[in-house]
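Have a look at final.cif below; it lists mmCIF, C-alpha atoms.
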```
data_coords
#
loop_
_atom_site.label_atom_id
_atom_site.label_comp_id
_atom_site.auth_asym_id
_atom_site.auth_seq_id
_atom_site.Cartn_x
_atom_site.Cartn_y
_atom_site.Cartn_z
CA MET M 1 31.85 57.21 -13.49
CA THR M 2 29.14 59.81 -13.09
CA ARG M 3 28.91 62.13 -16.07
CA PRO M 4 27.41 65.62 -16.17
CA ARG M 5 23.69 65.66 -16.82
CA PRO M 6 22.07 68.39 -18.89
CA SER M 7 20.45 71.03 -16.73
CA THR M 8 17.65 71.57 -19.22
CA ARG M 9 16.06 69.36 -21.86
CA ALA M 10 15.21 70.75 -25.27
CA LYS M 11 11.65 70.55 -26.47
CA SER M 12 11.55 68.66 -29.75
CA SER M 13 9.79 69.91 -32.87
CA ILE M 14 9.83 66.56 -34.66
CA GLY M 15 6.21 65.53 -34.78
CA PRO M 16 2.82 65.66 -36.46
CA LYS M 17 2.95 69.47 -36.74
CA SER M 18 6.06 69.22 -38.94
CA ALA M 19 4.02 69.48 -42.16
CA PRO M 20 4.06 68.70 -45.01
CA ASP M 21 5.93 65.48 -44.26
CA ASN M 22 4.52 63.88 -41.14
CA VAL M 23 7.74 62.52 -39.69
CA GLY M 24 5.99 61.90 -36.38
CA GLU M 25 4.52 58.73 -37.87
CA GLN M 26 8.00 57.34 -38.59
CA ARG M 27 8.30 54.03 -36.80
CA ILE M 28 11.37 53.16 -34.75
CA TYR M 29 12.53 49.61 -34.06
CA HIS M 30 14.62 48.08 -31.27
CA LEU M 31 15.79 44.50 -31.76
CA THR M 32 16.37 42.26 -28.76
CA HIS M 33 16.49 38.58 -27.87
CA ILE M 34 13.35 37.16 -26.32
CA ARG M 35 15.38 36.10 -23.26
CA ASN M 36 16.06 39.79 -22.57
CA LEU M 37 12.39 40.78 -22.46
CA ALA M 38 11.78 39.92 -18.80
CA GLY M 39 14.78 42.02 -17.78
CA ILE M 40 13.50 44.96 -19.82
CA LEU M 41 10.17 44.77 -18.01
CA SER M 42 11.93 44.52 -14.65
CA SER M 43 13.95 47.66 -15.46
CA GLY M 44 10.86 49.51 -16.62
CA GLY M 45 12.29 50.02 -20.08
CA LEU M 46 15.31 49.84 -22.33
CA LEU M 47 18.54 51.07 -20.74
CA ALA M 48 21.52 52.55 -22.54
CA ASP M 49 24.69 50.48 -22.41
CA ALA M 50 26.41 53.09 -20.22
CA SER M 51 23.46 53.55 -17.86
CA GLU M 52 24.19 53.19 -14.16
CA ALA M 53 20.70 51.76 -13.60
CA TRP M 54 21.56 48.22 -14.73
CA ALA M 55 20.76 45.60 -12.09
CA ALA M 56 21.82 42.78 -14.43
CA ARG M 57 23.15 42.88 -17.98
CA PRO M 58 21.10 41.35 -20.84
CA ALA M 59 20.85 37.57 -20.86
CA VAL M 60 21.85 37.56 -24.54
CA ASP M 61 24.13 40.33 -25.81
CA ILE M 62 23.70 40.93 -29.53
CA SER M 63 26.53 43.46 -29.76
CA SER M 64 30.16 42.38 -29.98
CA ALA M 65 32.63 43.55 -27.33
CA PRO M 66 34.64 45.64 -29.84
CA ASN M 67 31.46 47.33 -31.04
CA ARG M 68 30.40 48.16 -27.49
CA GLU M 69 33.85 49.53 -26.76
CA LYS M 70 33.77 51.68 -29.90
CA ARG M 71 30.36 53.12 -29.00
CA ARG M 72 31.53 53.77 -25.44
CA ASN M 73 34.40 55.85 -26.80
CA THR M 74 32.60 57.74 -29.56
CA LEU M 75 31.38 61.15 -28.40
CA ILE M 76 28.12 62.53 -29.73
CA ASP M 77 28.66 65.92 -31.33
CA GLY M 78 26.76 68.73 -29.68
CA THR M 79 26.64 67.09 -26.25
CA GLU M 80 28.84 67.39 -23.19
CA ASN M 81 30.90 64.28 -22.42
CA THR M 82 28.20 62.00 -23.83
CA THR M 83 29.03 58.93 -25.92
CA VAL M 84 26.94 56.76 -28.20
CA ALA M 85 26.75 54.22 -25.37
CA HIS M 86 24.73 56.70 -23.29
CA PHE M 87 21.84 56.28 -25.74
CA VAL M 88 19.29 53.54 -26.43
CA PRO M 89 19.52 52.77 -30.17
CA PHE M 90 16.66 52.26 -32.59
CA PHE M 91 16.57 51.34 -36.28
CA LEU M 92 14.50 53.39 -38.70
CA SER M 93 13.62 50.35 -40.82
CA PRO M 94 12.51 46.82 -39.87
CA ASN M 95 14.98 45.42 -42.39
CA ALA M 96 18.00 47.42 -41.21
CA THR M 97 21.35 46.17 -42.46
CA ILE M 98 22.61 44.84 -39.14
CA TRP M 99 19.37 42.86 -38.62
CA ASP M 100 19.58 41.51 -42.17
CA ASN M 101 23.14 40.39 -41.42
CA ILE M 102 21.85 38.39 -38.46
CA LEU M 103 19.15 36.78 -40.60
CA THR M 104 21.61 35.86 -43.36
CA ASN M 105 24.40 34.87 -40.98
CA THR M 106 26.61 37.45 -42.66
CA GLY M 107 29.81 38.34 -40.87
CA ASP M 108 29.46 41.70 -39.16
CA PRO M 109 32.04 42.93 -36.61
CA ARG M 110 29.28 44.76 -34.76
CA LEU M 111 27.60 41.48 -33.81
CA SER M 112 28.41 39.08 -31.01
CA SER M 113 28.83 35.37 -31.73
CA ASP M 114 25.43 34.77 -30.09
CA ALA M 115 23.53 36.85 -32.65
CA PRO M 116 24.04 34.95 -35.94
CA SER M 117 23.79 31.59 -34.19
CA ALA M 118 20.28 32.36 -32.91
CA GLU M 119 17.15 31.52 -34.88
CA ASN M 120 15.05 34.33 -36.31
CA PHE M 121 12.18 33.47 -33.97
CA ASP M 122 14.48 33.97 -30.95
CA PHE M 123 14.21 37.72 -31.48
CA VAL M 124 11.49 40.27 -30.87
CA ILE M 125 11.24 43.79 -32.29
CA LEU M 126 9.98 46.54 -30.00
CA VAL M 127 8.23 49.20 -32.06
CA SER M 128 7.30 52.79 -31.30
CA THR M 129 7.07 56.04 -33.27
CA VAL M 130 8.80 59.39 -33.39
CA LYS M 131 5.49 60.90 -32.28
CA LYS M 132 5.59 58.85 -29.07
CA VAL M 133 9.15 59.96 -28.41
CA VAL M 134 8.25 63.62 -28.97
CA GLU M 135 5.23 63.46 -26.69
CA ALA M 136 7.32 61.92 -23.91
CA GLN M 137 10.14 64.42 -24.37
CA SER M 138 8.07 67.55 -24.88
CA GLY M 139 5.05 66.95 -22.67
CA PRO M 140 4.00 69.20 -19.79
CA GLY M 141 6.27 69.36 -16.76
CA GLU M 142 9.64 67.68 -16.51
CA ALA M 143 10.50 65.88 -19.73
CA ALA M 144 10.57 62.11 -19.38
CA LEU M 145 13.27 61.70 -22.00
CA GLY M 146 16.65 63.32 -22.44
CA ILE M 147 18.37 64.14 -25.70
CA VAL M 148 16.93 62.53 -28.84
CA ALA M 149 19.38 62.27 -31.73
CA VAL M 150 19.07 61.05 -35.32
CA THR M 151 22.02 59.74 -37.33
CA ASP M 152 22.39 59.12 -41.05
CA GLY M 153 24.49 55.98 -40.49
CA ASP M 154 26.08 53.85 -37.80
CA ALA M 155 26.14 56.15 -34.77
CA ALA M 156 29.79 55.25 -34.10
CA GLY M 157 30.87 55.73 -37.71
CA THR M 158 33.52 58.35 -38.39
CA LEU M 159 31.61 59.91 -41.30
CA THR M 160 28.16 59.72 -39.74
CA ARG M 161 26.26 62.97 -39.36
CA VAL M 162 24.25 63.39 -36.16
CA GLY M 163 21.43 65.76 -35.30
CA THR M 164 21.07 66.34 -31.56
CA THR M 165 18.93 69.48 -31.41
CA PRO M 166 15.26 69.56 -32.38
CA GLU M 167 16.14 71.40 -35.57
CA THR M 168 19.12 69.31 -36.68
CA SER M 169 17.55 65.96 -35.80
CA GLU M 170 14.46 66.89 -37.78
CA ARG M 171 16.57 67.85 -40.77
CA VAL M 172 18.46 64.55 -40.70
CA LEU M 173 15.23 62.57 -40.43
CA ARG M 174 13.53 64.49 -43.22
CA ARG M 175 16.55 64.04 -45.47
CA LEU M 176 16.57 60.29 -44.82
CA ARG M 177 12.86 59.95 -45.56
CA ALA M 178 13.09 62.03 -48.73
CA ALA M 179 16.10 60.22 -50.19
CA THR M 180 15.44 58.20 -53.33
CA ASP M 181 18.15 55.75 -52.26
CA ALA M 182 16.85 53.88 -49.22
CA ALA M 183 20.30 52.53 -48.27
CA ALA M 184 20.95 55.29 -45.74
CA LEU M 185 17.70 54.53 -43.93
CA LEU M 186 18.90 50.95 -43.42
CA GLU M 187 21.99 52.22 -41.58
CA ALA M 188 20.46 55.18 -39.73
CA GLU M 189 19.64 55.25 -36.03
CA LEU M 190 17.42 57.17 -33.67
CA LEU M 191 19.03 57.49 -30.25
CA VAL M 192 17.26 58.17 -26.95
CA GLU M 193 19.40 59.27 -24.03
CA GLU M 194 19.71 57.01 -20.98
CA THR M 195 16.41 55.11 -21.02
CA PHE M 196 13.36 54.37 -23.13
CA PRO M 197 10.30 53.59 -20.96
CA PHE M 198 8.53 50.37 -21.94
CA GLU M 199 5.21 52.22 -21.83
CA LEU M 200 6.24 53.96 -25.06
CA VAL M 201 6.39 50.65 -26.93
CA THR M 202 3.30 50.30 -29.12
CA ILE M 203 3.94 46.90 -30.73
CA VAL M 204 6.03 43.84 -29.95
CA ALA M 205 6.60 42.14 -33.29
CA VAL M 206 7.34 38.40 -33.35
CA ALA M 207 8.01 35.76 -35.97
CA ASN M 208 5.21 33.25 -35.32
CA ASP M 209 2.19 32.31 -33.19
CA LYS M 210 4.22 30.23 -30.75
CA VAL M 211 6.49 33.14 -29.90
CA ARG M 212 3.47 35.45 -29.65
CA ASP M 213 2.01 33.21 -26.93
CA VAL M 214 5.33 33.16 -25.05
CA VAL M 215 5.63 36.95 -25.22
CA ARG M 216 2.05 37.41 -24.05
CA GLY M 217 2.88 35.25 -21.06
CA ILE M 218 5.93 37.39 -20.26
CA LEU M 219 3.83 40.55 -20.55
CA ALA M 220 0.99 39.19 -18.43
CA GLU M 221 2.30 40.79 -15.22
CA SER M 222 3.31 44.05 -16.90
CA GLY M 223 1.40 47.25 -16.26
CA HIS M 224 1.77 48.06 -19.95
CA ARG M 225 0.81 45.42 -22.47
CA PRO M 226 1.37 46.57 -26.05
CA LYS M 227 -0.03 44.67 -29.00
CA VAL M 228 1.91 41.50 -29.78
CA ALA M 229 1.84 41.08 -33.55
CA VAL M 230 3.00 38.20 -35.71
CA TYR M 231 4.68 39.69 -38.76
CA PRO M 232 6.84 37.10 -40.58
CA PRO M 233 8.21 39.48 -43.28
CA TRP M 234 10.19 41.35 -40.64
CA PHE M 235 11.92 38.12 -39.65
CA HIS M 236 13.11 37.03 -43.08
CA ALA M 237 15.99 38.53 -45.03
CA SER M 238 15.71 40.70 -48.12
CA GLU M 239 12.04 41.51 -47.83
CA THR M 240 10.85 44.88 -49.04
CA VAL M 241 9.12 46.39 -46.03
CA THR M 242 7.71 49.87 -45.69
CA ALA M 243 9.19 51.74 -42.74
#
```
Can the structure from this file be put into structure tokens for me?
Amino acid sequence: MTRPRPSTRAKSSIGPKSAPDNVGEQRIYHLTHIRNLAGILSSGGLLADASEAWAARPAVDISSAPNREKRRNTLIDGTENTTVAHFVPFFLSPNATIWDNILTNTGDPRLSSDAPSAENFDFVILVSTVKKVVEAQSGPGEAALGIVAVTDGDAAGTLTRVGTTPETSERVLRRLRAATDAAALLEAELLVEETFPFELVTIVAVANDKVRDVVRGILAESGHRPKVAVYPPWFHASETVTA
């Protein structure tokens, strides 16, 4: 079903000029299975679950069917007929709760049966920054990105607060970064409407050298080849990692 598209796209104010706290340098993280990487490159980027641009669904689906259904039926406040499933999700921490639940094989209704059964080195983490998102959304000419939202918890949660305008999303992000209790940051999400171009990915993080070589091979034919970095702490549970 074709849904209404926004006629104009808001220019975001979340970025390096948002002094004194430079939220533009906040990293964002998208977890995927290594078997999905070739499809992402073929599509030109990450696609939202509800996107009509899918040629083939991911080879390995990390999300459970009930979780996908919930996100497809949860409207985003402040938007017109737009659900969580119309957005590409990102974590705001490399040790987000749902990722930690995969690493510890902890039961989580949001996860498919394929996720906990996979090894940690089967996954890659695509990394970018809020600054990159802002530049793509607010650059000259037609904005490359649609709505960018920030949540203070699971985007489909009933009590989750969501910022969808430049002002409200900045407030949510600043509040999360300033909180003395980091728990909210482990649940929070940054959402990008419809698609996230692969060219905005700055780092592909992997668990070990062997996976790095495999990923470099997959990226060899790509027009955009971000740094492939081995960072084991991101692939082990309960590590204290700076976001």
Exercise. Of the candidates M:Leu41, M:Leu185, M:Leu75, M:Ala96, which shows the shortest atom-to-atom distance to Thr164 of chain M, using only C-alpha atoms?
Worked result: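 With only C-alpha atoms as the atom set, the closest residue is M:Leu75.
Once the PyMOL selection byres ((chain M and resi 165) around 8) is applied to this file, the selection holds M:Ala10, M:Ser12, M:Ile147, M:Val148, M:Ala149, M:Gly163, M:Thr164, M:Pro166, M:Glu167, M:Thr168, M:Ser169.
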Problem set entry | Å distance separating atom CA of Ala85 of chain M from atom CA of Arg68 of chain M, one decimal place | 7.4 Å
For this session: Taking the file above as input, evaluate the PyMOL selection byres ((chain M and resi 194-202) around 8) and report the hits as a list in words.
Result: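 This file gives the following for the PyMOL selection byres ((chain M and resi 194-202) around 8): Ile40, Leu41, Gly44, Gly45, Leu46, Leu47, Ala48, Ala50, Ser51, His86, Phe87, Val88, Leu126, Val127, Ser128, Lys132, Val133, Leu145, Gly146, Val192, Glu193, Ile203, Val204, His224, Pro226 and Lys227 of chain M.
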Could you tell me which residues the PyMOL selection byres ((chain M and resi 71) around 6) returns for this structure, as an mmCIF file with C-alpha atoms, in the frame of the given file?
```cif
data_model
loop_
_atom_site.group_PDB
_atom_site.id
_atom_site.type_symbol
_atom_site.label_atom_id
_atom_site.label_comp_id
_atom_site.auth_asym_id
_atom_site.auth_seq_id
_atom_site.Cartn_x
_atom_site.Cartn_y
_atom_site.Cartn_z
ATOM 1 C CA ARG M 68 30.400 48.160 -27.490
ATOM 2 C CA GLU M 69 33.850 49.530 -26.760
ATOM 3 C CA LYS M 70 33.770 51.680 -29.900
ATOM 4 C CA ARG M 72 31.530 53.770 -25.440
ATOM 5 C CA ASN M 73 34.400 55.850 -26.800
ATOM 6 C CA THR M 74 32.600 57.740 -29.560
ATOM 7 C CA VAL M 84 26.940 56.760 -28.200
ATOM 8 C CA ALA M 85 26.750 54.220 -25.370
ATOM 9 C CA ALA M 156 29.790 55.250 -34.100
#
```
Using all atoms listed in the file, I'd like a table of the residues in segment 146-202 of chain M that come within 9 Å of segment 20-33 of chain M; for each, show the closest atom pair and its distance in Å rounded to one decimal, ordered by chain and ascending number, as a Markdown table.
```
| residue | atom | partner | partner_atom | distance |
| --- | --- | --- | --- | --- |
| M:Glu170 | CA | M:Val23 | CA | 8.2 |
| M:Leu173 | CA | M:Val23 | CA | 7.5 |
| M:Arg174 | CA | M:Val23 | CA | 7.1 |
| M:Arg177 | CA | M:Val23 | CA | 8.2 |
| M:Glu189 | CA | M:Ile28 | CA | 8.6 |
| M:Leu190 | CA | M:Ile28 | CA | 7.3 |
```
Seminar exercise, completed: Between atom CA of Leu186 of chain M and atom CA of Asn36 of chain M lies a distance of 23.8 Å
Exercise. Mind listing as a ChimeraX atom specification all residues within 8 Å of (29.5, 42.6, -30.6), counting all atoms listed in the file?
Worked result: /M:61-68,109-113
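With all atoms listed in the file as the atoms that count, the residue of M:Asp49, M:Glu119, M:Asp100, M:Asp114 with the shortest distance to Thr83 of chain M is M:Asp49.
Counting from atom CA of Leu191 of chain M, the distance to atom CA of Leu92 of chain M is 10.4 Å.
Within 9 Å of the file-frame point (12.7, 36.1, -34.8), and using all atoms listed in the file, the polymer residues found are His33, Ile34, Leu103, Ala118, Glu119, Asn120, Phe121, Asp122, Phe123, Val124, Ile125, Ala205, Val206, Ala207, Asn208, Val211, Pro232, Trp234, Phe235 and His236 of chain M.
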Any chance you could build segment 122-133 of chain M out to all heavy atoms and write it as an mmCIF file, keeping the file's coordinate frame?
```cif
data_model
loop_
_atom_site.group_PDB
_atom_site.id
_atom_site.type_symbol
_atom_site.label_atom_id
_atom_site.label_comp_id
_atom_site.auth_asym_id
_atom_site.auth_seq_id
_atom_site.Cartn_x
_atom_site.Cartn_y
_atom_site.Cartn_z
ATOM 1 N N ASP M 122 13.953 33.687 -32.290
ATOM 2 C CA ASP M 122 14.480 33.970 -30.950
ATOM 3 C C ASP M 122 14.457 35.473 -30.652
ATOM 4 O O ASP M 122 14.690 35.873 -29.502
ATOM 5 C CB ASP M 122 15.923 33.485 -30.821
ATOM 6 C CG ASP M 122 16.045 31.976 -30.779
ATOM 7 O OD1 ASP M 122 15.099 31.326 -30.290
ATOM 8 O OD2 ASP M 122 17.076 31.444 -31.233
ATOM 9 N N PHE M 123 14.172 36.279 -31.653
ATOM 10 C CA PHE M 123 14.210 37.720 -31.480
ATOM 11 C C PHE M 123 12.814 38.322 -31.459
ATOM 12 O O PHE M 123 11.874 37.763 -32.015
ATOM 13 C CB PHE M 123 15.013 38.373 -32.623
ATOM 14 C CG PHE M 123 16.462 37.995 -32.632
ATOM 15 C CD1 PHE M 123 16.905 36.916 -33.396
ATOM 16 C CD2 PHE M 123 17.380 38.704 -31.889
ATOM 17 C CE1 PHE M 123 18.245 36.560 -33.414
ATOM 18 C CE2 PHE M 123 18.729 38.361 -31.895
ATOM 19 C CZ PHE M 123 19.158 37.282 -32.653
ATOM 20 N N VAL M 124 12.707 39.470 -30.817
ATOM 21 C CA VAL M 124 11.490 40.270 -30.870
ATOM 22 C C VAL M 124 11.895 41.690 -31.264
ATOM 23 O O VAL M 124 13.032 42.115 -31.030
ATOM 24 C CB VAL M 124 10.720 40.290 -29.530
ATOM 25 C CG1 VAL M 124 10.275 38.888 -29.154
ATOM 26 C CG2 VAL M 124 11.578 40.892 -28.406
ATOM 27 N N ILE M 125 10.979 42.411 -31.884
ATOM 28 C CA ILE M 125 11.240 43.790 -32.290
ATOM 29 C C ILE M 125 10.251 44.689 -31.554
ATOM 30 O O ILE M 125 9.033 44.555 -31.695
ATOM 31 C CB ILE M 125 11.084 43.965 -33.811
ATOM 32 C CG1 ILE M 125 12.061 43.044 -34.555
ATOM 33 C CG2 ILE M 125 11.330 45.424 -34.205
ATOM 34 C CD1 ILE M 125 11.900 43.072 -36.073
ATOM 35 N N LEU M 126 10.800 45.589 -30.748
ATOM 36 C CA LEU M 126 9.980 46.540 -30.000
ATOM 37 C C LEU M 126 9.797 47.782 -30.858
ATOM 38 O O LEU M 126 10.772 48.394 -31.289
ATOM 39 C CB LEU M 126 10.657 46.897 -28.673
ATOM 40 C CG LEU M 126 11.068 45.708 -27.787
ATOM 41 C CD1 LEU M 126 11.701 46.214 -26.487
ATOM 42 C CD2 LEU M 126 9.893 44.794 -27.498
ATOM 43 N N VAL M 127 8.546 48.140 -31.105
ATOM 44 C CA VAL M 127 8.230 49.200 -32.060
ATOM 45 C C VAL M 127 7.573 50.381 -31.349
ATOM 46 O O VAL M 127 6.735 50.208 -30.462
ATOM 47 C CB VAL M 127 7.281 48.670 -33.154
ATOM 48 C CG1 VAL M 127 7.038 49.734 -34.223
ATOM 49 C CG2 VAL M 127 7.824 47.384 -33.777
ATOM 50 N N SER M 128 7.965 51.571 -31.747
ATOM 51 C CA SER M 128 7.300 52.790 -31.300
ATOM 52 C C SER M 128 7.328 53.765 -32.475
ATOM 53 O O SER M 128 7.581 53.361 -33.611
ATOM 54 C CB SER M 128 8.000 53.371 -30.062
ATOM 55 O OG SER M 128 7.241 54.435 -29.511
ATOM 56 N N THR M 129 7.049 55.020 -32.211
ATOM 57 C CA THR M 129 7.070 56.040 -33.270
ATOM 58 C C THR M 129 7.782 57.288 -32.780
ATOM 59 O O THR M 129 7.919 57.521 -31.575
ATOM 60 C CB THR M 129 5.639 56.437 -33.692
ATOM 61 O OG1 THR M 129 4.975 57.038 -32.568
ATOM 62 C CG2 THR M 129 4.839 55.238 -34.189
ATOM 63 N N VAL M 130 8.212 58.098 -33.734
ATOM 64 C CA VAL M 130 8.800 59.390 -33.390
ATOM 65 C C VAL M 130 7.790 60.235 -32.614
ATOM 66 O O VAL M 130 8.150 60.933 -31.661
ATOM 67 C CB VAL M 130 9.266 60.115 -34.677
ATOM 68 C CG1 VAL M 130 9.613 61.574 -34.387
ATOM 69 C CG2 VAL M 130 10.460 59.398 -35.284
ATOM 70 N N LYS M 131 6.536 60.146 -32.985
ATOM 71 C CA LYS M 131 5.490 60.900 -32.280
ATOM 72 C C LYS M 131 5.473 60.549 -30.796
ATOM 73 O O LYS M 131 5.374 61.445 -29.934
ATOM 74 C CB LYS M 131 4.132 60.608 -32.912
ATOM 75 C CG LYS M 131 2.964 61.331 -32.246
ATOM 76 C CD LYS M 131 1.654 60.968 -32.942
ATOM 77 C CE LYS M 131 0.470 61.638 -32.237
ATOM 78 N NZ LYS M 131 -0.821 61.283 -32.894
ATOM 79 N N LYS M 132 5.570 59.273 -30.466
ATOM 80 C CA LYS M 132 5.590 58.850 -29.070
ATOM 81 C C LYS M 132 6.792 59.434 -28.335
ATOM 82 O O LYS M 132 6.699 59.866 -27.180
ATOM 83 C CB LYS M 132 5.603 57.321 -28.985
ATOM 84 C CG LYS M 132 4.269 56.649 -29.213
ATOM 85 C CD LYS M 132 3.395 56.806 -27.985
ATOM 86 C CE LYS M 132 2.124 55.987 -28.121
ATOM 87 N NZ LYS M 132 1.241 56.148 -26.930
ATOM 88 N N VAL M 133 7.929 59.407 -29.003
ATOM 89 C CA VAL M 133 9.150 59.960 -28.410
ATOM 90 C C VAL M 133 8.974 61.448 -28.138
ATOM 91 O O VAL M 133 9.316 61.946 -27.061
ATOM 92 C CB VAL M 133 10.351 59.711 -29.343
ATOM 93 C CG1 VAL M 133 11.591 60.446 -28.836
ATOM 94 C CG2 VAL M 133 10.636 58.219 -29.457
#
```
